[in-house]
Every structure is written in structure tokens, then in C-alpha cells.
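Q: Take a look at this one; I'll ask things after.
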Amino acid sequence: MELLPAELRKTLPPLYSQESCPTPIVHAKFFTPDAGWTWFITEGSEEDGDWLLFGYVIGLEEEWGYLLLSEIASIRGPLGLAVERDLWFKPGQINEVLRREHPSAAVKEGEMSDEREGSIPNQRPD
């Protein structure tokens with residue numbers, strides 16, 4: 001499965017374009033079918049032949065972070081299954097998406113914890 005097909009690459013906002021938005025739009029959802037990890041992708045830019053993505057990750061922790069498309073594509077869960085893109089995912093604001101897709105997520109509007117900046121919405125390091 002292609003995680004980031006051409007049509008999604010065209011519509012995905014570039015990195016930092018939603019950083020001032022308290023409820024950024026999620027454009028894609030990736031998940032491990034056998035490991036319980038989910039990535040909600042809000043932005044991405046092509047860099048050095050790879051895609052640097054930014055989004056909210058639910059795994060061992062729940063946090064905002066950067067990831068490389070090549071790294072996600074190489075992940076295998078305990079049963080050897082690859083990361084998949086949710087083909088039926090509907091884009092929306094992060095707070096709405098988490099209520100719909102992951103009701104137990106800790107993110108609440110205005111309280112989006114970012115490992116780089118503390119409890120502030122979707123900000124990145126300088």
C-alpha cells in the first residue's frame with residue numbers, strides 16, 4: 001500500500017503552515033494493524049528525496065512529532081504487518097478527529113501537549 005499517494009501529496013499542507021492554528025486539520029491517518037500505534041498527519045514537505053511529516057502520534061505516549069515517511073514505511077508490528085493508511089479516513093480538525101477516531105486520546109482543544117514546547121497548540125522548535 002502506498003502510504004502517501006500523489007493526490008495526498010498535492011493536498012497535504014507544507015510543514016509549519018498550520019502552526020498558528022489551535023486545531024490543525026488532519027489529512028491522513030496511518031496505523032499499525034497489529035501494534036496499536038496511530039499517526040494523524042497534519043503537514044508534510046518533501047526533503048532530500050523523502051517526506052518529512054508532522055502530526056499527532058498515539059503509541060507508547062500521545063504527542064506531536066515529526067517523522068520520515070521512509071521510517072514509517074519500514075515499521076513492522078509483532079506479526080510482521082506493515083503500517084497502513086486508513087483508506088476511509090475523513091480529514092478534519094484534530095479535536096474532531098480524535099473524538100471520532102480515538103475517544104480516549106488525551107488531547108483536548110487548547111491542551112495539545114507538544115514534547116518540544118510543553119502544553120501549547122502545535123508549535124515547533126525554533
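Following the order of the C-alpha cells, chains are lettered A, B, ..., residues in each are numbered from 1, and ligands are numbered from 1.
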Would you please give, as a ChimeraX atom specification, all residues of chain A that DSSP assigns to strand (DSSP E or B) based on the backbone?
A: /A:25-26,28-31,38-47,50-58,62-68,76,82,84-85,92-93,114,118
Q: Those selected residues, please, written with C-alpha atoms and delivered as a PDB file, in the first residue's frame.
A:
```
ATOM      1  CA  ILE A  25      -6.555  19.820  10.039  1.00  0.00           C
ATOM      2  CA  VAL A  26      -5.572  16.152   9.937  1.00  0.00           C
ATOM      3  CA  ALA A  28      -4.197  11.318   6.748  1.00  0.00           C
ATOM      4  CA  LYS A  29      -4.263   8.527   9.288  1.00  0.00           C
ATOM      5  CA  PHE A  30      -1.612   5.793   9.403  1.00  0.00           C
ATOM      6  CA  PHE A  31      -1.837   2.840  11.777  1.00  0.00           C
ATOM      7  CA  THR A  38      -1.669   5.559  15.089  1.00  0.00           C
ATOM      8  CA  TRP A  39      -0.317   8.645  13.326  1.00  0.00           C
ATOM      9  CA  PHE A  40      -2.594  11.573  12.430  1.00  0.00           C
ATOM     10  CA  ILE A  41      -0.739  13.581   9.769  1.00  0.00           C
ATOM     11  CA  THR A  42      -1.321  17.337   9.586  1.00  0.00           C
ATOM     12  CA  GLU A  43       1.549  18.563   7.387  1.00  0.00           C
ATOM     13  CA  GLY A  44       4.438  17.390   5.276  1.00  0.00           C
ATOM     14  CA  SER A  45       7.161  18.516   2.899  1.00  0.00           C
ATOM     15  CA  GLU A  46       9.495  16.665   0.589  1.00  0.00           C
ATOM     16  CA  GLU A  47      13.101  16.861   1.764  1.00  0.00           C
ATOM     17  CA  ASP A  50      11.914  11.638   1.441  1.00  0.00           C
ATOM     18  CA  TRP A  51       8.872  13.193   3.095  1.00  0.00           C
ATOM     19  CA  LEU A  52       9.172  14.842   6.497  1.00  0.00           C
ATOM     20  CA  LEU A  53       5.743  14.683   8.107  1.00  0.00           C
ATOM     21  CA  PHE A  54       4.283  16.284  11.214  1.00  0.00           C
ATOM     22  CA  GLY A  55       1.342  15.058  13.218  1.00  0.00           C
ATOM     23  CA  TYR A  56      -0.087  13.601  16.377  1.00  0.00           C
ATOM     24  CA  VAL A  57       1.176  10.152  17.358  1.00  0.00           C
ATOM     25  CA  ILE A  58      -0.609   7.701  19.623  1.00  0.00           C
ATOM     26  CA  GLU A  62       0.472  10.624  22.869  1.00  0.00           C
ATOM     27  CA  GLU A  63       2.406  13.551  21.415  1.00  0.00           C
ATOM     28  CA  TRP A  64       3.040  15.819  18.465  1.00  0.00           C
ATOM     29  CA  GLY A  65       6.123  14.995  16.456  1.00  0.00           C
ATOM     30  CA  TYR A  66       7.996  14.765  13.182  1.00  0.00           C
ATOM     31  CA  LEU A  67       8.505  11.545  11.267  1.00  0.00           C
ATOM     32  CA  LEU A  68      10.002  10.455   7.974  1.00  0.00           C
ATOM     33  CA  ARG A  76       6.605  -3.821  11.156  1.00  0.00           C
ATOM     34  CA  ALA A  82       3.329  -3.047   7.762  1.00  0.00           C
ATOM     35  CA  GLU A  84      -1.277   1.098   6.600  1.00  0.00           C
ATOM     36  CA  ARG A  85      -3.115   4.244   5.566  1.00  0.00           C
ATOM     37  CA  GLY A  92     -10.981  17.159   9.925  1.00  0.00           C
ATOM     38  CA  GLN A  93      -9.764  19.297  12.792  1.00  0.00           C
ATOM     39  CA  ASP A 114       3.966  19.012  22.351  1.00  0.00           C
ATOM     40  CA  GLY A 118       5.131  21.895  26.564  1.00  0.00           C
TER      41      GLY A 118
END
```
Q: Excluding Leu8 of chain A and residues on its chain fewer than 3 positions from it, collect all residues at most 9 Å away from it, counting only C-alpha atoms, and give them as a ChimeraX atom specification.
A: /A:4-5,11-12,27-28
Q: Can you pull out every residue within 12 Å of Leu60 of chain A, counting only C-alpha atoms, but drop anything in the same chain fewer than 6 positions away, and send it as a list in words?
A: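 In the requested format, the answer is Ala35, Gly36, Trp37 and Thr38 of chain A.
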Q: For Asp34 of chain A, which residue out of A:Leu81, A:Leu87, A:Ile94, A:Ala6 is the nearest one, using only C-alpha atoms?
A: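 Among the listed residues, A:Leu81 lies closest to Asp34 of chain A.
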Q: Find the distance between atom CA of Asn95 of chain A and atom CA of Thr23 of chain A and write it in Å to one decimal.
A: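 We find that atom CA of Asn95 of chain A and atom CA of Thr23 of chain A lie 6.4 Å from each other.
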Q: From a DSSP calculation on the backbone, collect every residue of chain A in helix (DSSP H, G or I) and output the set as a tab-separated table (two decimals) with N, CA and C atoms, in the first residue's frame.
A:
```tsv
chain	number	residue	atom	x	y	z
A	6	ALA	N	0.15	10.27	-4.69
A	6	ALA	CA	0.33	11.57	-5.34
A	6	ALA	C	-0.78	12.55	-5.00
A	7	GLU	N	-2.03	12.10	-4.99
A	7	GLU	CA	-3.14	13.04	-4.71
A	7	GLU	C	-3.07	13.57	-3.28
A	8	LEU	N	-2.61	12.76	-2.32
A	8	LEU	CA	-2.46	13.23	-0.95
A	8	LEU	C	-1.26	14.17	-0.83
A	9	ARG	N	-0.19	13.87	-1.54
A	9	ARG	CA	0.99	14.76	-1.53
A	9	ARG	C	0.63	16.15	-2.03
A	10	LYS	N	-0.26	16.21	-3.00
A	10	LYS	CA	-0.67	17.52	-3.57
A	10	LYS	C	-1.50	18.33	-2.59
A	11	THR	N	-2.30	17.66	-1.75
A	11	THR	CA	-3.21	18.37	-0.85
A	11	THR	C	-2.67	18.55	0.56
A	69	LEU	N	8.63	9.62	6.20
A	69	LEU	CA	7.79	8.63	5.53
A	69	LEU	C	8.54	7.30	5.38
A	70	SER	N	9.83	7.35	5.07
A	70	SER	CA	10.61	6.12	4.90
A	70	SER	C	10.68	5.32	6.20
A	71	GLU	N	10.74	6.00	7.34
A	71	GLU	CA	10.77	5.30	8.63
A	71	GLU	C	9.44	4.61	8.90
A	72	ILE	N	8.35	5.31	8.65
A	72	ILE	CA	7.02	4.73	8.86
A	72	ILE	C	6.84	3.51	7.95
A	73	ALA	N	7.27	3.64	6.70
A	73	ALA	CA	7.12	2.54	5.74
A	73	ALA	C	7.93	1.31	6.14
A	74	SER	N	8.97	1.50	6.92
A	74	SER	CA	9.82	0.36	7.30
A	74	SER	C	9.35	-0.33	8.60
A	94	ILE	N	-8.15	18.38	14.35
A	94	ILE	CA	-7.59	17.36	15.23
A	94	ILE	C	-8.52	17.01	16.38
A	95	ASN	N	-9.16	17.99	16.99
A	95	ASN	CA	-10.04	17.68	18.12
A	95	ASN	C	-11.24	16.84	17.67
A	96	GLU	N	-11.78	17.14	16.51
A	96	GLU	CA	-12.90	16.35	15.97
A	96	GLU	C	-12.45	14.95	15.58
A	97	VAL	N	-11.30	14.86	14.94
A	97	VAL	CA	-10.77	13.56	14.51
A	97	VAL	C	-10.52	12.66	15.70
A	98	LEU	N	-9.92	13.20	16.77
A	98	LEU	CA	-9.64	12.37	17.94
A	98	LEU	C	-10.92	11.93	18.64
A	99	ARG	N	-11.91	12.79	18.70
A	99	ARG	CA	-13.20	12.38	19.29
A	99	ARG	C	-13.81	11.23	18.48
A	100	ARG	N	-13.68	11.32	17.17
A	100	ARG	CA	-14.26	10.31	16.28
A	100	ARG	C	-13.43	9.03	16.22
A	101	GLU	N	-12.12	9.17	16.10
A	101	GLU	CA	-11.23	8.04	15.82
A	101	GLU	C	-10.62	7.41	17.07
```
